[in-house]
$ cat my_file.cif   # mmCIF, C-alpha atoms
data_my_file
#
loop_
_atom_site.label_atom_id
_atom_site.label_comp_id
_atom_site.auth_asym_id
_atom_site.auth_seq_id
_atom_site.Cartn_x
_atom_site.Cartn_y
_atom_site.Cartn_z
CA MET J 23 97.55 120.45 102.06
CA MET J 24 96.21 117.09 103.11
CA ASP J 25 97.36 115.40 99.91
CA TRP J 26 97.46 112.08 101.70
CA LEU J 27 93.69 112.14 102.16
CA PRO J 28 91.76 110.76 99.19
CA PHE J 29 90.01 113.98 98.18
CA PRO J 30 88.91 114.22 94.55
CA LEU J 31 90.71 116.79 92.39
CA ILE J 32 89.22 120.27 92.48
CA ALA J 33 87.74 121.39 89.17
CA SER J 34 85.68 124.46 90.07
CA ASP J 35 86.56 127.95 91.25
CA HIS J 36 84.76 127.67 94.60
CA GLY J 37 86.05 124.12 95.21
CA GLY J 38 89.11 125.32 97.09
CA ALA J 39 86.96 127.17 99.65
CA ILE J 40 84.83 124.07 100.30
CA GLN J 41 87.94 121.96 100.61
CA ARG J 42 89.52 124.36 103.10
CA PHE J 43 86.37 124.32 105.18
CA ILE J 44 86.25 120.52 105.23
CA VAL J 45 89.92 120.27 106.18
CA ILE J 46 89.74 122.92 108.91
CA THR J 47 86.61 121.33 110.39
CA HIS J 48 88.31 117.94 110.53
CA VAL J 49 91.53 119.33 111.98
CA ILE J 50 89.49 120.92 114.77
CA MET J 51 87.54 117.72 115.32
CA PHE J 52 90.77 115.73 115.46
CA ALA J 53 92.29 118.16 117.95
CA ALA J 54 89.13 117.96 120.07
CA PHE J 55 89.22 114.16 119.90
CA VAL J 56 92.84 114.04 121.02
CA GLY J 57 92.25 116.69 123.68
CA TRP J 58 89.17 115.15 125.24
CA GLY J 59 90.68 111.66 124.95
CA ALA J 60 93.80 112.79 126.81
CA TRP J 61 91.65 114.49 129.47
CA TYR J 62 89.63 111.32 129.93
CA ILE J 63 92.68 109.09 130.23
CA ALA J 64 94.37 111.54 132.60
CA ALA J 65 91.27 111.48 134.81
CA LEU J 66 91.19 107.67 134.77
CA VAL J 67 94.83 107.49 135.79
CA ARG J 68 94.74 110.25 138.38
CA PHE J 69 91.63 109.02 140.17
CA ARG J 70 92.38 105.31 139.88
CA ARG J 71 91.09 103.07 142.61
CA LYS J 72 94.49 102.02 143.96
CA LYS J 73 95.47 105.59 144.81
CA ASN J 74 91.96 106.59 145.92
CA PRO J 75 90.46 103.71 147.89
CA THR J 76 87.85 105.99 149.45
CA ALA J 77 85.86 108.85 148.00
CA ASP J 78 86.90 112.45 148.59
CA HIS J 79 84.26 114.51 150.39
CA ASP J 80 85.03 117.76 148.59
CA GLY J 81 86.26 116.44 145.29
CA ILE J 82 88.34 118.72 143.12
CA ARG J 83 87.12 122.26 142.59
CA THR J 84 88.56 123.81 139.47
CA SER J 85 87.37 125.96 136.63
CA LEU J 86 89.94 124.37 134.32
CA PRO J 87 87.32 122.46 132.27
CA TYR J 88 85.86 125.79 131.14
CA LEU J 89 89.03 126.44 129.19
CA PRO J 90 88.66 123.69 126.54
CA VAL J 91 84.93 124.40 126.37
CA ALA J 92 85.65 128.08 125.72
CA ILE J 93 88.25 127.18 123.10
CA MET J 94 85.80 124.86 121.31
CA ALA J 95 83.03 127.43 121.41
CA GLY J 96 85.42 130.05 120.02
CA LEU J 97 86.56 127.78 117.22
CA GLU J 98 82.99 126.95 116.30
CA ALA J 99 82.12 130.63 116.25
CA VAL J 100 85.05 131.20 113.89
CA LEU J 101 83.88 128.34 111.66
CA LEU J 102 80.37 129.72 111.53
CA ALA J 103 81.08 133.43 111.23
CA GLY J 104 84.40 133.22 109.41
CA PHE J 105 83.72 130.45 106.94
CA ALA J 106 80.23 128.98 106.74
CA LEU J 107 78.08 132.12 106.72
CA PRO J 108 80.27 134.22 104.37
CA PHE J 109 80.55 131.30 101.97
CA TRP J 110 76.81 130.68 102.01
CA HIS J 111 76.15 134.37 101.47
CA ARG J 112 78.58 134.60 98.57
CA GLN J 113 77.71 131.33 96.90
CA ILE J 114 73.96 131.00 97.54
CA ASP J 115 72.13 133.95 99.08
CA ALA J 116 73.71 136.85 97.23
CA ALA J 117 74.77 134.86 94.17
CA GLU J 118 73.81 136.52 90.93
CA ASP J 119 74.19 135.50 87.35
CA ALA J 120 77.30 136.82 85.68
CA ALA J 121 76.78 138.58 82.36
CA ASP J 122 78.12 135.58 80.47
CA VAL J 123 76.30 132.95 82.57
CA PHE J 124 75.48 129.68 80.84
CA VAL J 125 72.17 128.20 81.94
CA VAL J 126 71.26 124.51 81.74
CA ARG J 127 68.35 122.58 83.14
CA VAL J 128 68.93 119.26 84.84
CA VAL J 129 65.97 117.06 85.68
CA GLY J 130 66.55 114.07 87.91
CA GLN J 131 64.41 111.01 87.61
CA GLN J 132 64.61 107.39 88.71
CA PHE J 133 67.35 106.58 87.70
CA GLN J 134 68.90 109.04 85.31
CA TRP J 135 69.82 112.68 84.79
CA ASN J 136 68.08 114.52 81.96
CA VAL J 137 69.85 117.59 80.63
CA HIS J 138 68.04 120.33 78.73
CA TYR J 139 69.84 123.06 76.77
CA ALA J 140 68.13 126.23 75.55
CA GLY J 141 70.24 126.68 72.44
CA ALA J 142 71.25 129.91 70.72
CA ASP J 143 68.01 131.76 71.55
CA GLY J 144 68.68 131.30 75.26
CA VAL J 145 65.03 130.37 75.81
CA PHE J 146 64.02 126.98 77.10
CA GLY J 147 61.18 125.46 75.12
CA ARG J 148 57.96 124.73 76.95
CA THR J 149 57.82 121.44 78.82
CA ASP J 150 54.68 119.66 79.89
CA SER J 151 54.34 116.53 81.95
CA MET J 152 51.57 115.38 79.57
CA LEU J 153 54.15 115.17 76.77
CA VAL J 154 56.58 113.00 78.71
CA ASP J 155 57.53 109.82 76.97
CA ASP J 156 59.85 107.58 78.93
CA VAL J 157 61.93 106.75 75.87
CA LEU J 158 61.55 109.55 73.33
CA ASN J 159 60.85 112.66 75.35
CA THR J 160 61.88 112.21 78.96
CA ILE J 161 61.39 115.84 79.99
CA GLY J 162 58.18 116.41 78.00
CA LEU J 163 59.57 119.06 75.64
CA ASP J 164 56.88 120.67 73.47
CA HIS J 165 58.28 120.46 69.93
CA ASP J 166 55.56 122.81 68.67
CA ASP J 167 56.91 125.65 70.77
CA PRO J 168 59.17 127.82 68.56
CA ALA J 169 61.55 128.29 71.48
CA SER J 170 62.23 124.55 71.55
CA LYS J 171 63.45 124.42 67.95
CA ASP J 172 67.08 124.82 68.93
CA ASP J 173 66.76 123.04 72.27
CA ILE J 174 68.53 119.78 72.78
CA THR J 175 68.22 117.22 75.53
CA THR J 176 70.74 114.62 76.57
CA LEU J 177 70.67 111.67 78.90
CA ASN J 178 73.33 111.50 81.63
CA GLN J 179 75.64 113.65 79.52
CA LEU J 180 76.27 117.15 80.79
CA HIS J 181 78.53 119.11 78.44
CA LEU J 182 79.66 122.49 79.68
CA PRO J 183 82.06 125.16 78.42
CA ALA J 184 85.19 125.64 80.52
CA GLY J 185 85.86 128.81 82.47
CA ARG J 186 82.32 130.16 82.13
CA PRO J 187 79.94 130.71 85.08
CA ILE J 188 77.29 128.00 85.00
CA ARG J 189 73.80 128.06 86.46
CA ILE J 190 72.06 124.71 86.54
CA ASN J 191 68.33 124.89 87.18
CA LEU J 192 67.87 121.69 89.06
CA SER J 193 64.60 119.85 89.43
CA SER J 194 63.22 116.36 89.70
CA LYS J 195 60.40 114.48 88.01
CA ASP J 196 59.58 111.99 90.71
CA VAL J 197 61.36 111.78 94.06
CA ILE J 198 64.09 113.73 95.82
CA HIS J 199 67.48 113.15 94.24
CA SER J 200 70.76 114.82 95.01
CA PHE J 201 72.91 116.19 92.23
CA PHE J 202 76.50 115.54 93.22
CA LEU J 203 79.60 116.51 91.28
CA PRO J 204 82.52 115.44 93.50
CA GLU J 205 85.28 117.17 91.55
CA PHE J 206 83.32 120.44 91.35
CA ARG J 207 82.39 120.36 95.06
CA VAL J 208 78.74 120.69 94.08
CA LYS J 209 75.99 118.87 95.92
CA GLN J 210 72.38 119.95 95.83
CA ASP J 211 69.12 118.15 96.40
CA ALA J 212 66.81 117.99 93.38
CA ILE J 213 63.27 118.40 94.60
CA PRO J 214 60.08 117.76 92.63
CA GLY J 215 58.20 121.01 92.00
CA MET J 216 61.19 123.23 92.69
CA PHE J 217 63.82 124.74 90.43
CA VAL J 218 66.96 125.14 92.49
CA PRO J 219 69.79 127.21 91.02
CA VAL J 220 73.22 125.61 91.28
CA ARG J 221 76.09 127.92 90.44
CA PHE J 222 79.71 127.05 89.77
CA THR J 223 82.46 127.77 87.30
CA PRO J 224 84.37 124.79 85.93
CA THR J 225 88.09 125.47 85.87
CA MET J 226 89.40 122.18 84.54
CA THR J 227 88.58 120.57 81.22
CA THR J 228 87.95 116.87 80.87
CA ALA J 229 91.18 116.61 78.85
CA GLU J 230 93.14 118.17 81.72
CA PHE J 231 91.36 115.91 84.20
CA ARG J 232 92.40 112.83 82.23
CA GLU J 233 95.95 114.08 82.07
CA LYS J 234 96.09 114.75 85.82
CA THR J 235 94.56 111.42 86.82
CA GLY J 236 96.53 109.54 84.18
CA GLU J 237 93.35 107.74 83.19
CA ALA J 238 92.63 108.19 79.49
CA GLU J 239 88.98 107.18 79.79
CA ARG J 240 88.21 109.05 83.00
CA ASP J 241 85.21 111.38 83.09
CA PHE J 242 83.87 113.78 85.67
CA GLU J 243 80.92 112.01 87.23
CA ILE J 244 77.43 112.98 88.33
CA ALA J 245 76.39 110.90 91.31
CA CYS J 246 73.07 110.69 93.05
CA ALA J 247 73.70 111.39 96.72
CA GLN J 248 70.19 110.87 98.04
CA LEU J 249 68.75 107.37 98.32
CA CYS J 250 66.08 107.56 95.62
CA GLY J 251 65.00 104.00 94.97
CA ILE J 252 66.16 100.53 94.12
CA ASN J 253 68.68 101.56 91.47
CA HIS J 254 69.94 104.63 93.27
CA HIS J 255 73.48 103.28 93.10
CA THR J 256 73.41 103.22 89.27
CA MET J 257 72.21 106.80 88.85
CA ARG J 258 75.46 107.95 87.35
CA GLY J 259 75.99 110.66 84.80
CA PHE J 260 78.96 112.29 83.15
CA VAL J 261 80.20 115.83 82.88
CA THR J 262 82.33 116.87 79.93
CA ILE J 263 84.09 120.21 80.26
CA GLU J 264 85.43 121.52 76.97
CA PRO J 265 86.94 124.74 75.66
CA HIS J 266 84.39 127.00 74.02
CA GLU J 267 84.99 126.05 70.42
CA GLU J 268 84.75 122.34 71.16
CA PHE J 269 81.61 122.85 73.18
CA ASP J 270 80.00 124.84 70.35
CA ALA J 271 80.96 122.17 67.85
CA TRP J 272 79.41 119.50 70.10
CA TYR J 273 76.22 121.54 70.41
CA ALA J 274 75.99 122.05 66.65
CA ALA J 275 76.43 118.32 66.12
CA GLN J 276 73.63 117.58 68.60
CA LEU J 277 71.32 120.00 66.81
CA GLU J 278 72.16 118.42 63.48
CA GLN J 279 71.39 115.00 64.89
CA LYS J 280 68.08 116.26 66.26
CA LYS J 281 67.13 117.61 62.81
CA GLN J 282 67.98 114.32 61.19
CA TYR J 283 65.86 112.38 63.64
CA ALA J 284 62.99 114.77 63.04
CA GLU J 285 63.21 114.19 59.31
CA ASP J 286 63.81 110.45 59.46
CA ASP J 287 61.27 109.41 61.99
CA TRP J 288 57.79 110.77 61.66
CA TRP J 289 56.89 109.50 65.09
CA ILE J 290 59.50 111.31 67.11
CA GLU J 291 57.57 114.58 66.94
CA ASN J 292 54.20 114.65 68.57
CA MET C 8 65.78 93.82 136.74
CA THR C 9 67.04 90.36 137.64
CA GLY C 10 68.70 91.27 140.93
CA LYS C 11 71.95 89.81 139.62
CA LYS C 12 75.24 91.31 138.48
CA LEU C 13 76.70 90.50 135.05
CA SER C 14 80.18 89.01 134.89
CA PRO C 15 82.90 91.68 134.52
CA VAL C 16 85.21 89.28 132.69
CA LEU C 17 82.63 88.53 130.00
CA GLY C 18 81.80 92.23 130.00
CA HIS C 19 85.38 93.12 129.07
CA LEU C 20 85.43 90.39 126.44
CA HIS C 21 82.30 91.97 124.98
CA PHE C 22 83.25 95.63 125.29
CA TRP C 23 86.78 95.87 123.91
CA PRO C 24 86.29 93.91 120.68
CA THR C 25 83.01 95.82 120.17
CA LEU C 26 84.82 99.15 120.47
CA PHE C 27 87.51 97.93 118.08
CA ALA C 28 85.06 96.53 115.51
CA MET C 29 82.78 99.58 115.59
CA ASN C 30 85.70 101.78 114.62
CA GLY C 31 86.69 99.24 111.99
CA ILE C 32 83.28 99.74 110.41
CA PHE C 33 82.79 103.46 110.70
CA PHE C 34 86.24 105.03 110.50
CA PRO C 35 86.84 103.77 106.93
CA MET C 36 83.51 105.37 106.02
CA LEU C 37 84.97 108.75 106.97
CA ILE C 38 87.90 108.10 104.63
CA GLN C 39 85.54 107.03 101.83
CA GLY C 40 83.48 110.13 102.45
CA PHE C 41 86.54 112.31 101.85
CA ALA C 42 86.75 110.73 98.41
CA GLY C 43 83.10 111.63 97.75
CA VAL C 44 81.56 108.18 98.18
CA SER C 45 77.91 108.43 99.22
CA ARG C 46 76.05 106.42 101.80
CA ARG C 47 73.50 103.78 100.88
CA LEU C 48 75.02 102.52 97.66
CA TYR C 49 73.85 98.98 97.06
CA ASP C 50 77.08 98.02 95.30
CA GLY C 51 79.26 99.86 97.79
CA GLY C 52 80.29 102.45 95.19
CA ALA C 53 81.47 100.09 92.43
CA THR C 54 79.51 102.13 89.86
CA TYR C 55 81.62 105.23 90.36
CA ALA C 56 85.17 105.91 89.25
CA HIS C 57 85.63 108.42 92.06
CA ALA C 58 85.04 105.62 94.58
CA GLU C 59 87.71 103.41 93.13
CA PRO C 60 90.71 104.55 95.22
CA VAL C 61 88.89 103.77 98.49
CA ILE C 62 86.52 100.95 97.59
CA GLY C 63 88.94 98.37 98.98
CA LEU C 64 88.05 99.60 102.47
CA ASN C 65 84.68 97.89 102.06
CA THR C 66 86.40 94.57 102.78
CA LEU C 67 87.81 95.87 106.05
CA MET C 68 84.39 97.23 106.97
CA ALA C 69 82.70 93.92 106.18
CA HIS C 70 85.20 91.95 108.28
CA SER C 71 84.73 94.41 111.13
CA ALA C 72 80.96 94.03 110.87
CA PHE C 73 81.21 90.23 111.10
CA LEU C 74 83.58 90.57 114.05
CA LEU C 75 81.15 92.97 115.72
CA ALA C 76 78.30 90.52 115.26
CA GLY C 77 80.46 87.65 116.51
CA VAL C 78 81.62 89.25 119.75
CA GLN C 79 78.03 90.01 120.75
CA LEU C 80 78.01 86.33 121.64
CA PHE C 81 79.93 87.21 124.82
CA PHE C 82 77.04 89.41 125.88
CA VAL C 83 74.48 86.69 125.21
CA ILE C 84 76.58 84.18 127.15
CA ASN C 85 76.98 86.71 129.94
CA VAL C 86 73.22 87.25 130.25
CA VAL C 87 72.41 83.54 130.14
CA TRP C 88 75.20 82.62 132.56
CA THR C 89 74.16 85.38 134.96
CA LEU C 90 70.52 84.32 134.92
CA ALA C 91 71.44 80.71 135.53
CA PHE C 92 74.37 80.81 137.94
CA ALA C 93 75.16 84.25 139.36
CA SER C 94 74.37 84.91 143.00
CA ARG C 95 72.05 87.73 144.04
CA ALA C 96 73.49 91.24 144.15
CA SER C 97 72.97 93.53 147.14
CA ASP C 98 70.56 96.50 146.99
CA ASN C 99 73.36 99.02 146.44
CA PRO C 100 76.28 97.13 144.89
CA TRP C 101 78.09 100.24 143.59
CA GLU C 102 77.91 102.02 146.95
CA SER C 103 76.15 104.98 145.48
CA THR C 104 74.15 107.71 147.19
CA THR C 105 71.14 108.64 145.10
CA LEU C 106 67.54 107.55 145.49
CA GLU C 107 67.36 104.81 142.86
CA TRP C 108 69.53 102.73 145.21
CA ALA C 109 66.78 102.85 147.80
CA ALA C 110 64.86 100.38 145.67
CA PRO C 111 65.20 96.75 146.74
CA SER C 112 66.91 94.19 144.53
CA PRO C 113 65.40 92.27 142.85
CA PRO C 114 62.71 94.91 142.24
CA LEU C 115 59.24 94.70 143.70
CA ALA C 116 56.41 93.48 141.51
CA GLN C 117 54.49 96.69 142.20
CA GLY C 118 55.93 100.15 142.91
CA ASN C 119 59.55 101.22 143.41
CA PHE C 120 60.13 101.12 147.16
CA ALA C 121 59.08 98.93 150.04
CA SER C 122 58.13 102.12 151.87
CA ALA C 123 58.39 105.74 150.68
CA PRO C 124 62.02 106.86 151.23
CA THR C 125 62.77 110.07 153.13
CA VAL C 126 65.53 112.27 151.75
CA HIS C 127 67.96 113.32 154.44
CA ARG C 128 70.83 114.84 152.50
CA GLY C 129 72.16 116.02 149.15
CA PRO C 130 72.88 113.57 146.36
CA TYR C 131 76.70 113.52 146.50
CA ASP C 132 77.51 112.93 150.15
CA TYR C 133 80.69 110.93 149.84
CA SER C 134 83.14 110.57 152.72
CA VAL C 135 81.13 112.69 155.11
CA PRO C 136 83.44 113.56 158.01
CA GLY C 137 82.69 111.26 160.92
CA ALA C 138 80.72 108.76 158.85
CA ALA C 139 81.73 105.12 159.02
CA ARG C 140 81.59 104.52 155.25
CA ASP C 141 82.73 106.76 152.39
CA PHE C 142 79.20 107.03 151.01
CA SER C 143 76.01 108.25 152.72
CA PRO C 144 72.86 107.47 150.73
CA GLN C 145 70.21 110.20 150.60
CA HIS C 146 67.61 107.91 152.11
CA GLU C 147 69.62 106.93 155.18
CA GLY C 148 68.99 109.00 158.29
CA ALA C 149 71.93 109.47 160.65
CA ALA C 150 75.33 109.86 158.99
CA ALA C 151 75.82 106.12 158.98
#
$ encode --input "my_file.cif" --output "structure tokens"
Amino acid sequence: MMDWLPFPLIASDHGGAIQRFIVITHVIMFAAFVGWGAWYIAALVRFRRKKNPTADHDGIRTSLPYLPVAIMAGLEAVLLAGFALPFWHRQIDAAEDAADVFVVRVVGQQFQWNVHYAGADGVFGRTDSMLVDDVLNTIGLDHDDPASKDDITTLNQLHLPAGRPIRINLSSKDVIHSFFLPEFRVKQDAIPGMFVPVRFTPTMTTAEFREKTGEAERDFEIACAQLCGINHHTMRGFVTIEPHEEFDAWYAAQLEQKKQYAEDDWWIEN
Amino acid sequence: MTGKKLSPVLGHLHFWPTLFAMNGIFFPMLIQGFAGVSRRLYDGGATYAHAEPVIGLNTLMAHSAFLLAGVQLFFVINVVWTLAFASRASDNPWESTTLEWAAPSPPLAQGNFASAPTVHRGPYDYSVPGAARDFSPQHEGAAA
């Protein structure tokens, strides 16, 4: 439906529900626009000056206008009770981690997205704002914490396994950002001092996305959707969705790289 | 405020292109929004691949914005012309019934009314049977 509108492809399991809601809302708005517009024009024509040179003492008494008002109120009640509230309940309020949930931290900052993975132990290493280095350690990961040994961090590169429920713990280092993944129908403000869970399940791999769009270099994008400063418009990241094995291989390679850096450069630790 | 009535011709010349240009600016934004383009992007979305299919609309929006700015000239001309050349309007040029039309035109330097108006009737007394005119202002006594 609505293929002629320029919606992005849908790449998450809840994306279809969001899309339906957007389309239905706009169909109702369009119908209301046409309806009220027609009413307005009809009134202009019917009560035009030529036909009605003098005012009418009684005017027209009718309860007809209550009908469209009642219809609109009913439709809005359906939108709220039938779509918005159930969706919010399912997706946000009552959302729980699935057994095989994959948890990632994303930390927004002017003007980049920092990604933090917990590694095989599933425990995120300690972070401390005192350890933040704008080049070498953007999230302030404590390398002395044993839990951080298998942690990796990336810049603007969010790799995720396909078909697995994801929880992103979203936060911000400085100002309010908004973490926006158009193809996954995910948009959530990143607020300093808060960790906001963002749940979705990617259903399309990057390879499939490239095939569908016909663009060999195309990536899923992370956009910042909240004006956050002078370079807000450049705060772009990338999401790579891969099958499990490929994701694991990528993670292993990142860990290997981290080890090499640690051995090569005495200054990267501490 | 000035006791004068703006020119309807210049008013139409101002209104219709304004309506047209406003929609030329903001309707394409709705379309871009469907594609996921955010507001407040300094480069109009050029950074993002997902904006690419709809970024061409920026040109239309820019042209509409210039048109919108341009046609405001009719309003400026209208105001200046009215101040300079238009004749004085009557106290109640729209033949309306409510109390604000009891105020004299041009307005007094101090206060609203020359003398406190007395309300004789409801606010929508149009075409009262037996009245000479099809409107009977609230502040006029006998059904004039």
$ resolve_selection --input "my_file.cif" --expression "the PyMOL selection byres ((chain C and resi 63) around 12)" --output "ChimeraX atom specification"
/C:35-36,38-39,51-53,58-62,64-70
$ closest_residue --input "my_file.cif" --among "J:Glu278, J:Glu239, J:Glu205, J:Asp115" --to "Ile32 in chain J" --atoms "all atoms listed in the file"
J:Glu205
$ resolve_selection --input "my_file.cif" --expression "the PyMOL selection byres ((chain C) within 7 of (chain J))" --output "short mmCIF file (atom, residue, chain, number, x, y, z; two decimals) with C-alpha atoms, keeping the file's coordinate frame"
data_model
loop_
_atom_site.label_atom_id
_atom_site.label_comp_id
_atom_site.auth_asym_id
_atom_site.auth_seq_id
_atom_site.Cartn_x
_atom_site.Cartn_y
_atom_site.Cartn_z
CA PHE C 41 86.54 112.31 101.85
CA ALA C 42 86.75 110.73 98.41
CA GLY C 43 83.10 111.63 97.75
CA SER C 45 77.91 108.43 99.22
CA ARG C 47 73.50 103.78 100.88
CA LEU C 48 75.02 102.52 97.66
CA TYR C 49 73.85 98.98 97.06
CA ASP C 50 77.08 98.02 95.30
CA THR C 54 79.51 102.13 89.86
CA ASP C 132 77.51 112.93 150.15
CA TYR C 133 80.69 110.93 149.84
CA SER C 134 83.14 110.57 152.72
CA VAL C 135 81.13 112.69 155.11
CA ASP C 141 82.73 106.76 152.39
#
$ resolve_selection --input "my_file.cif" --expression "the PyMOL selection byres ((chain J and resi 194) around 8)" --output "MDAnalysis selection string"
chainID J and resid 129:131 192:193 195:199 212:216
$ residues_around --input "my_file.cif" --residues "range 223-234 of chain J" --least-positions-apart "3" --cutoff "6 Å" --atoms "only C-alpha atoms" --output "list in words"
Ala33, Ser34, Asp35, Ala184, Gly185, Arg186, Pro187, Ile188, Glu237, Ala238, Arg240, Thr262, Ile263 and Glu264 of chain J
$ axis_aligned_box --input "my_file.cif" --around "range 137-144 of chain J" --padding-each-side "6 Å" --output "AutoDock Vina command-line options"
--center_x 69.6 --center_y 124.7 --center_z 75.7 --size_x 15.2 --size_y 26.2 --size_z 21.9
$ atom_distance --input "my_file.cif" --atom1 "CA of Val125 in chain J" --atom2 "CA of His111 in chain J"
20.9 Å
$ residues_near_point --input "my_file.cif" --point "(58.6, 114.5, 76.2)" --cutoff "12 Å" --atoms "only C-alpha atoms" --output "PyMOL selection string"
chain J and resi 136+138+147-166+170+174-175+195+290-292
$ residues_around --input "my_file.cif" --residues "range 94-107 of chain C" --least-positions-apart "5" --cutoff "7 Å" --atoms "only C-alpha atoms" --output "list of chain:residue names"
C:Gly10, C:Lys11, C:Lys12, C:Ser112, C:Pro130, C:Tyr131, C:Asp132, C:Phe142, C:Ser143, C:Pro144, C:Gln145, C:His146
$ atom_distance --input "my_file.cif" --atom1 "CA of Ala116 in chain C" --atom2 "CA of Gly18 in chain C"
27.9 Å
$ atom_distance --input "my_file.cif" --atom1 "CA of His127 in chain C" --atom2 "CA of Glu147 in chain C"
6.6 Å
$ residues_around --input "my_file.cif" --residues "Phe43 in chain J" --least-positions-apart "5" --cutoff "10 Å" --atoms "all atoms listed in the file" --output "MDAnalysis selection string"
chainID J and resid 37:38 48:49 101 105:106 109
